[in-house]
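As structure tokens, the structure follows; a few thoughts come after it.
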Amino acid sequence: TRGVVLDDRGPLIDLYEACVEQDAHLRAVLETVESQIIGERYMLARQNERGKYIKDVEETKKIQGSQFTKIIKGIVEAKWYGYTLLEIMPDINPLTGKLAEVNIIERRNVLASQLRVVQRQGQWNPGWDIASSQYSKNYILIDNGDLGLFSATTPTILAKKFTLANYVNFSHTYGQPIIHGKTESESIQDRQRLAQNIANAAQNKIIVTNSEHIYTSLINFANTEVSNLIVGSESMAGATQSYVGSTNAHQDIFRERIEMYRGFIENVMNEEIVPRLVSMGYIKPGLEFKYANRVEMSNKDKISLYSFITDKYEVSADEIEKEFGIVVGKQFNAISEMASNSGSINGSSNDRRIMSDEEYYKRYGHRRGERKNSSNVENFLMEGE
């Protein structure tokens, strides 16, 4: 059947990809988002009767790989570009036991609102209807329903690109600093005299201005707009803040924006991807894709949190090694609490408590307030034998 191409976004995708490829700031912001949605942050889990998600370790291993990373990137890119068409092939890699091939179909060949893939851009035939039963099992269209976030960032980035080009060309031609001169006279002699004064400005130290700030401020404005739109905060994309409260506020906004991305990915996974993987026999039924319910924080905040927790609760050595990669031994604060309790009962008035409970225990071999008697020595010797 003949049809009419109504949703050709090829030229728009050209602009989007040119900005992504050529704008370093935008590329860095996108990498920041990807760093928060890819990795050992998600799992396949079952929900118990209390509403708690129980991780299925073996099934989760199947979604930890390069091909599954393509799926997640394709989903989040749908918010930026407006749509993504995923191709998931049922073949299994015999070496890894994971999906062998996942592809993101070229967006210029996808008519998103018409549910069709064309072989040649702008031409209806030859083409394939991805809504048909023949293709719907392996092809998944994620349509955000609009032109994507890049429709707002692209004009700003193009303006920044032209601004930077003018700045570089002007500096290359006339040097630094950029010098401007103005005159109301229409006389050629007056203009030539002004031009001569500008040329001699370095020697005469006259009419020198820092007009390059006009260019740099426009560039900074463009970067701020891009950061605020993609990650919700310019400080989370590299900008500095003047005080701690502002930084904390921007961190909260950034976390909320990442949670929004993760929620979008979870919905698409559980509604579109997981049912198809189950029908392929790749994963077991009854599982849900879920991001780990943990707070993303800096190493400094993690250390402060663990310091607070270990003062109140016992934390296993495995948990510390998992989070920080450090092998630890016995927990001293548990010993110190026992020591302080015994010291409060049998404490000596001569103890000025200059040393901490840990230092006291290490030096004298017994807890504060206890007497080191002969029975303790005998028990120590018997244990040594």
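Going through the structure tokens in order, the chains are called A, B, and so on, while each chain numbers its residues from 1 and the ligands are numbered from 1 in the order shown.
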
**Report entry** Polymer residues at most 9 Å from segment 81-91 of chain A, only C-alpha atoms, same-chain spacing of 3 or more positions, as a PyMOL selection string
**Finding:** chain A and resi 13+16+70-71+74-78+98-107+110+112+137-151+276-277+280-282

Requested in this report: Run DSSP on the backbone and grab whatever in segment 82-181 of chain A lands in strand (DSSP E or B); send it over as a ChimeraX atom specification.
Outcome: /A:83-88,92,99,102-104,110-111,116-118,127-129,139-143

Pull C-alpha atoms from the residues just selected and write them as a PDB file, in the first residue's frame.
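Generated output (again-v8.pdb):
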```
ATOM      1  CA  TYR A  83      11.765   8.593  20.455  1.00  0.00           C
ATOM      2  CA  THR A  84      13.868   5.417  20.203  1.00  0.00           C
ATOM      3  CA  LEU A  85      13.247   2.182  18.304  1.00  0.00           C
ATOM      4  CA  LEU A  86      14.912  -0.847  19.902  1.00  0.00           C
ATOM      5  CA  GLU A  87      15.600  -4.118  18.129  1.00  0.00           C
ATOM      6  CA  ILE A  88      16.016  -7.061  20.537  1.00  0.00           C
ATOM      7  CA  ILE A  92      21.906 -15.862  23.163  1.00  0.00           C
ATOM      8  CA  LEU A  99      21.609 -11.398  24.922  1.00  0.00           C
ATOM      9  CA  VAL A 102      20.466  -5.375  20.707  1.00  0.00           C
ATOM     10  CA  ASN A 103      20.323  -2.456  18.251  1.00  0.00           C
ATOM     11  CA  ILE A 104      19.042   1.095  18.290  1.00  0.00           C
ATOM     12  CA  VAL A 110      11.912   5.812  11.814  1.00  0.00           C
ATOM     13  CA  LEU A 111       8.537   7.524  11.364  1.00  0.00           C
ATOM     14  CA  ARG A 116       6.907   2.668  10.368  1.00  0.00           C
ATOM     15  CA  VAL A 117      10.535   2.089   9.454  1.00  0.00           C
ATOM     16  CA  VAL A 118      11.622   3.112   5.959  1.00  0.00           C
ATOM     17  CA  GLY A 127       9.193   0.095   4.574  1.00  0.00           C
ATOM     18  CA  TRP A 128       7.954  -2.032   7.475  1.00  0.00           C
ATOM     19  CA  ASP A 129       5.059  -1.526   9.900  1.00  0.00           C
ATOM     20  CA  TYR A 139      10.878  -4.145  17.863  1.00  0.00           C
ATOM     21  CA  ILE A 140       9.933  -1.738  20.645  1.00  0.00           C
ATOM     22  CA  LEU A 141       9.124   1.903  19.935  1.00  0.00           C
ATOM     23  CA  ILE A 142       9.581   4.242  22.900  1.00  0.00           C
ATOM     24  CA  ASP A 143       7.816   7.441  21.901  1.00  0.00           C
TER      25      ASP A 143
END
```

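Within 12 Å of Thr156 of chain A, once only C-alpha atoms are used and residues closer than 4 positions along the same chain are dropped, the contacting residues are A:Leu15, A:Tyr16, A:Cys19, A:Asp23, A:Leu26, A:Phe150, A:Ser151, A:Ala152, A:Lys160, A:Lys161, A:Phe162, A:Thr163, A:Leu218, A:Ile219, A:Asn220, A:Phe221, A:Ala222, A:Asn223, A:Thr224, A:Glu225, A:Val226, A:Ser227, A:Leu229.
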
Only C-alpha atoms, please: the residues just picked out, written as a compact mmCIF listing (two decimals), in the first residue's frame.
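Saved file again.txt follows:
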```
# COMPACT_ATOMS: atom_id res chain seq x y z
CA LEU A 15 20.87 19.11 14.30
CA TYR A 16 20.49 17.09 17.50
CA CYS A 19 25.13 19.38 18.93
CA ASP A 23 29.38 20.50 22.14
CA LEU A 26 26.31 18.86 26.49
CA PHE A 150 17.03 18.54 22.61
CA SER A 151 14.43 20.71 20.90
CA ALA A 152 15.04 23.23 23.69
CA LYS A 160 26.88 29.31 21.55
CA LYS A 161 28.67 27.64 18.66
CA PHE A 162 28.42 30.76 16.49
CA THR A 163 29.42 32.98 19.42
CA LEU A 218 26.96 34.25 26.46
CA ILE A 219 28.78 30.90 26.49
CA ASN A 220 28.25 30.51 30.24
CA PHE A 221 24.57 31.37 29.83
CA ALA A 222 24.17 28.64 27.18
CA ASN A 223 25.93 26.08 29.38
CA THR A 224 23.71 26.97 32.34
CA GLU A 225 20.54 26.55 30.28
CA VAL A 226 21.64 23.13 29.03
CA SER A 227 22.61 21.92 32.53
CA LEU A 229 17.28 21.39 31.43
```

Query raised in the report: If you run DSSP on the backbone, which residues of segment 25-214 of chain A are helix (DSSP H, G or I), as a PyMOL selection string?
Result: chain A and resi 25-37+57-61+66-81+107-109+112-114+133-136+150-174+188-199+201-204+212-214

Requested in this report: List the neighbours of Asp8 of chain A out to 7 Å using only C-alpha atoms; skip same-chain residues closer than 2 positions along the sequence, and give me the result as a list in words.
Outcome: Val5, Leu6, Gly10, Leu111 and Gly122 of chain A

Write out, as a PDB file, in the first residue's frame, the residues just selected, with N, CA and C atoms.
```
ATOM      1  N   VAL A   5       4.625  10.163   3.797  1.00  0.00           N
ATOM      2  CA  VAL A   5       5.519  10.430   4.921  1.00  0.00           C
ATOM      3  C   VAL A   5       5.114  11.757   5.556  1.00  0.00           C
ATOM      4  N   LEU A   6       4.656  11.673   6.801  1.00  0.00           N
ATOM      5  CA  LEU A   6       4.223  12.874   7.518  1.00  0.00           C
ATOM      6  C   LEU A   6       5.127  13.207   8.699  1.00  0.00           C
ATOM      7  N   GLY A  10      14.274  13.625  10.034  1.00  0.00           N
ATOM      8  CA  GLY A  10      15.686  13.485   9.676  1.00  0.00           C
ATOM      9  C   GLY A  10      16.498  14.752   9.849  1.00  0.00           C
ATOM     10  N   LEU A 111       9.660   6.589  11.329  1.00  0.00           N
ATOM     11  CA  LEU A 111       8.537   7.524  11.364  1.00  0.00           C
ATOM     12  C   LEU A 111       7.762   7.216  12.643  1.00  0.00           C
ATOM     13  N   GLY A 122      12.701   9.669   4.009  1.00  0.00           N
ATOM     14  CA  GLY A 122      11.767  10.494   3.256  1.00  0.00           C
ATOM     15  C   GLY A 122      10.932   9.750   2.240  1.00  0.00           C
TER      16      GLY A 122
END
```

Query raised in the report: Quick one: residues within 10 Å of Thr69 of chain A, only C-alpha atoms counted, chain neighbours fewer than 3 positions away excluded, as a PyMOL selection string?
Result: chain A and resi 34+37-39+63-66+72-75+102

Generate a file of the selected residues that holds C-alpha atoms, formatted as a PDB file, in the first residue's frame.
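Writing done, so here's again_20.pdb:
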```pdb
ATOM      1  CA  GLU A  34      24.303   7.930  32.167  1.00  0.00           C
ATOM      2  CA  ILE A  37      21.455   5.034  35.531  1.00  0.00           C
ATOM      3  CA  ILE A  38      23.949   2.400  34.336  1.00  0.00           C
ATOM      4  CA  GLY A  39      25.895  -0.077  36.450  1.00  0.00           C
ATOM      5  CA  ILE A  63      20.704  -7.989  32.620  1.00  0.00           C
ATOM      6  CA  GLN A  64      24.238  -6.921  33.567  1.00  0.00           C
ATOM      7  CA  GLY A  65      25.973  -6.613  30.223  1.00  0.00           C
ATOM      8  CA  SER A  66      26.793  -4.405  27.257  1.00  0.00           C
ATOM      9  CA  ILE A  72      18.764   1.483  29.081  1.00  0.00           C
ATOM     10  CA  LYS A  73      20.583   4.133  27.044  1.00  0.00           C
ATOM     11  CA  GLY A  74      17.994   3.828  24.294  1.00  0.00           C
ATOM     12  CA  ILE A  75      15.162   4.349  26.783  1.00  0.00           C
ATOM     13  CA  VAL A 102      20.466  -5.375  20.707  1.00  0.00           C
TER      14      VAL A 102
END
```

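Nearest to Lys55 of chain A of all the residues A:Val231, A:Met269, A:Tyr291, A:Ala317 is A:Tyr291, based on only C-alpha atoms.
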
Query - Non-local contacts of Arg262 of chain A (9 Å; only C-alpha atoms; under 2 positions in same chain excluded) as number ranges by chain - result: A: 36-37, 76, 257-260, 264-267, 290-291

Filtering to all heavy atoms, could you give me those residues as a tab-separated table (two decimals), in the first residue's frame?
```
chain	number	residue	atom	x	y	z
A	36	GLN	N	24.60	7.72	36.31
A	36	GLN	CA	23.68	7.49	37.43
A	36	GLN	C	22.59	6.46	37.11
A	36	GLN	O	21.82	6.09	38.01
A	36	GLN	CB	23.00	8.81	37.81
A	36	GLN	CG	23.94	9.90	38.26
A	36	GLN	CD	24.70	9.52	39.52
A	36	GLN	OE1	24.11	9.06	40.49
A	36	GLN	NE2	26.00	9.73	39.52
A	37	ILE	N	22.51	5.98	35.89
A	37	ILE	CA	21.45	5.03	35.53
A	37	ILE	C	22.00	3.71	35.04
A	37	ILE	O	21.25	2.76	34.85
A	37	ILE	CB	20.53	5.63	34.44
A	37	ILE	CG1	21.32	5.93	33.17
A	37	ILE	CG2	19.83	6.87	34.95
A	37	ILE	CD1	20.48	6.39	32.00
A	76	VAL	N	16.47	6.10	27.85
A	76	VAL	CA	16.66	7.47	28.35
A	76	VAL	C	16.87	8.44	27.19
A	76	VAL	O	16.47	9.62	27.27
A	76	VAL	CB	17.83	7.52	29.35
A	76	VAL	CG1	19.18	7.42	28.65
A	76	VAL	CG2	17.78	8.79	30.19
A	257	ARG	N	15.88	14.77	39.82
A	257	ARG	CA	15.88	14.59	38.37
A	257	ARG	C	16.34	13.17	37.99
A	257	ARG	O	15.76	12.56	37.09
A	257	ARG	CB	16.78	15.64	37.72
A	257	ARG	CG	16.73	15.65	36.18
A	257	ARG	CD	15.35	15.97	35.66
A	257	ARG	NE	14.89	17.28	36.07
A	257	ARG	CZ	15.13	18.39	35.38
A	257	ARG	NH1	15.80	18.34	34.26
A	257	ARG	NH2	14.65	19.54	35.82
A	258	ILE	N	17.35	12.66	38.68
A	258	ILE	CA	17.80	11.29	38.41
A	258	ILE	C	16.70	10.29	38.76
A	258	ILE	O	16.49	9.30	38.05
A	258	ILE	CB	19.09	10.99	39.19
A	258	ILE	CG1	20.24	11.87	38.68
A	258	ILE	CG2	19.46	9.51	39.06
A	258	ILE	CD1	20.57	11.68	37.22
A	259	GLU	N	15.98	10.53	39.87
A	259	GLU	CA	14.87	9.65	40.23
A	259	GLU	C	13.80	9.68	39.15
A	259	GLU	O	13.16	8.65	38.87
A	259	GLU	CB	14.28	10.08	41.58
A	259	GLU	CG	15.12	9.70	42.78
A	259	GLU	CD	15.29	8.20	42.92
A	259	GLU	OE1	14.30	7.47	42.71
A	259	GLU	OE2	16.42	7.76	43.21
A	260	MET	N	13.58	10.82	38.53
A	260	MET	CA	12.61	10.91	37.45
A	260	MET	C	13.06	10.06	36.26
A	260	MET	O	12.25	9.32	35.67
A	260	MET	CB	12.44	12.38	37.03
A	260	MET	CG	11.42	12.61	35.92
A	260	MET	SD	12.16	12.53	34.26
A	260	MET	CE	13.23	13.95	34.30
A	264	PHE	N	11.13	6.63	34.83
A	264	PHE	CA	10.76	6.47	33.42
A	264	PHE	C	11.32	5.16	32.87
A	264	PHE	O	10.63	4.42	32.16
A	264	PHE	CB	11.29	7.66	32.62
A	264	PHE	CG	11.02	7.58	31.14
A	264	PHE	CD1	9.73	7.75	30.65
A	264	PHE	CD2	12.04	7.34	30.25
A	264	PHE	CE1	9.48	7.69	29.28
A	264	PHE	CE2	11.81	7.28	28.89
A	264	PHE	CZ	10.53	7.45	28.40
A	265	ILE	N	12.57	4.85	33.21
A	265	ILE	CA	13.19	3.61	32.74
A	265	ILE	C	12.48	2.40	33.32
A	265	ILE	O	12.22	1.41	32.61
A	265	ILE	CB	14.69	3.59	33.12
A	265	ILE	CG1	15.44	4.68	32.35
A	265	ILE	CG2	15.31	2.23	32.83
A	265	ILE	CD1	16.87	4.89	32.82
A	266	GLU	N	12.15	2.43	34.61
A	266	GLU	CA	11.45	1.30	35.23
A	266	GLU	C	10.10	1.05	34.57
A	266	GLU	O	9.74	-0.12	34.31
A	266	GLU	CB	11.24	1.58	36.73
A	266	GLU	CG	12.51	1.47	37.56
A	266	GLU	CD	12.27	1.78	39.02
A	266	GLU	OE1	11.14	2.22	39.36
A	266	GLU	OE2	13.20	1.61	39.83
A	267	ASN	N	9.36	2.09	34.27
A	267	ASN	CA	8.05	1.92	33.64
A	267	ASN	C	8.18	1.28	32.26
A	267	ASN	O	7.43	0.35	31.92
A	267	ASN	CB	7.34	3.27	33.52
A	267	ASN	CG	6.90	3.81	34.86
A	267	ASN	OD1	6.71	3.05	35.82
A	267	ASN	ND2	6.73	5.12	34.96
A	290	LYS	N	13.86	-3.14	38.77
A	290	LYS	CA	13.81	-2.16	39.85
A	290	LYS	C	15.20	-1.62	40.13
A	290	LYS	O	16.17	-2.37	40.17
A	290	LYS	CB	13.26	-2.83	41.13
A	290	LYS	CG	13.01	-1.89	42.29
A	290	LYS	CD	11.81	-1.01	42.04
A	290	LYS	CE	11.51	-0.11	43.22
A	290	LYS	NZ	10.41	0.84	42.94
A	291	TYR	N	15.27	-0.30	40.29
A	291	TYR	CA	16.52	0.31	40.73
A	291	TYR	C	16.66	0.13	42.24
A	291	TYR	O	15.66	0.16	42.97
A	291	TYR	CB	16.57	1.80	40.37
A	291	TYR	CG	17.09	2.07	38.99
A	291	TYR	CD1	16.21	2.24	37.92
A	291	TYR	CD2	18.45	2.14	38.74
A	291	TYR	CE1	16.68	2.47	36.64
A	291	TYR	CE2	18.93	2.38	37.46
A	291	TYR	CZ	18.04	2.54	36.42
A	291	TYR	OH	18.52	2.76	35.15
```

**Report entry** Using only C-alpha atoms: which of A:Thr216, A:Gln121, A:Ile354, A:Asn48 has the shortest distance to Leu164 of chain A
**Finding:**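 For Leu164 of chain A, the nearest of the candidates is A:Thr216.
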
Report task. Could you give me, as a list in words, the residues within 10 Å of segment 182-185 of chain A, counting only C-alpha atoms and dropping anything in the same chain fewer than 5 positions from it? Result -> Asp190, Arg191, Leu194, Ala195 and Ile207 of chain A

Query - Gap from atom CA of Glu288 of chain A to atom CA of Val57 of chain A - Å, one decimal - result: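 Pair atom CA of Glu288 of chain A / atom CA of Val57 of chain A returns 12.8 Å.
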
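Going from atom CA of Asp318 of chain A to atom CA of Arg50 of chain A covers 25.9 Å.
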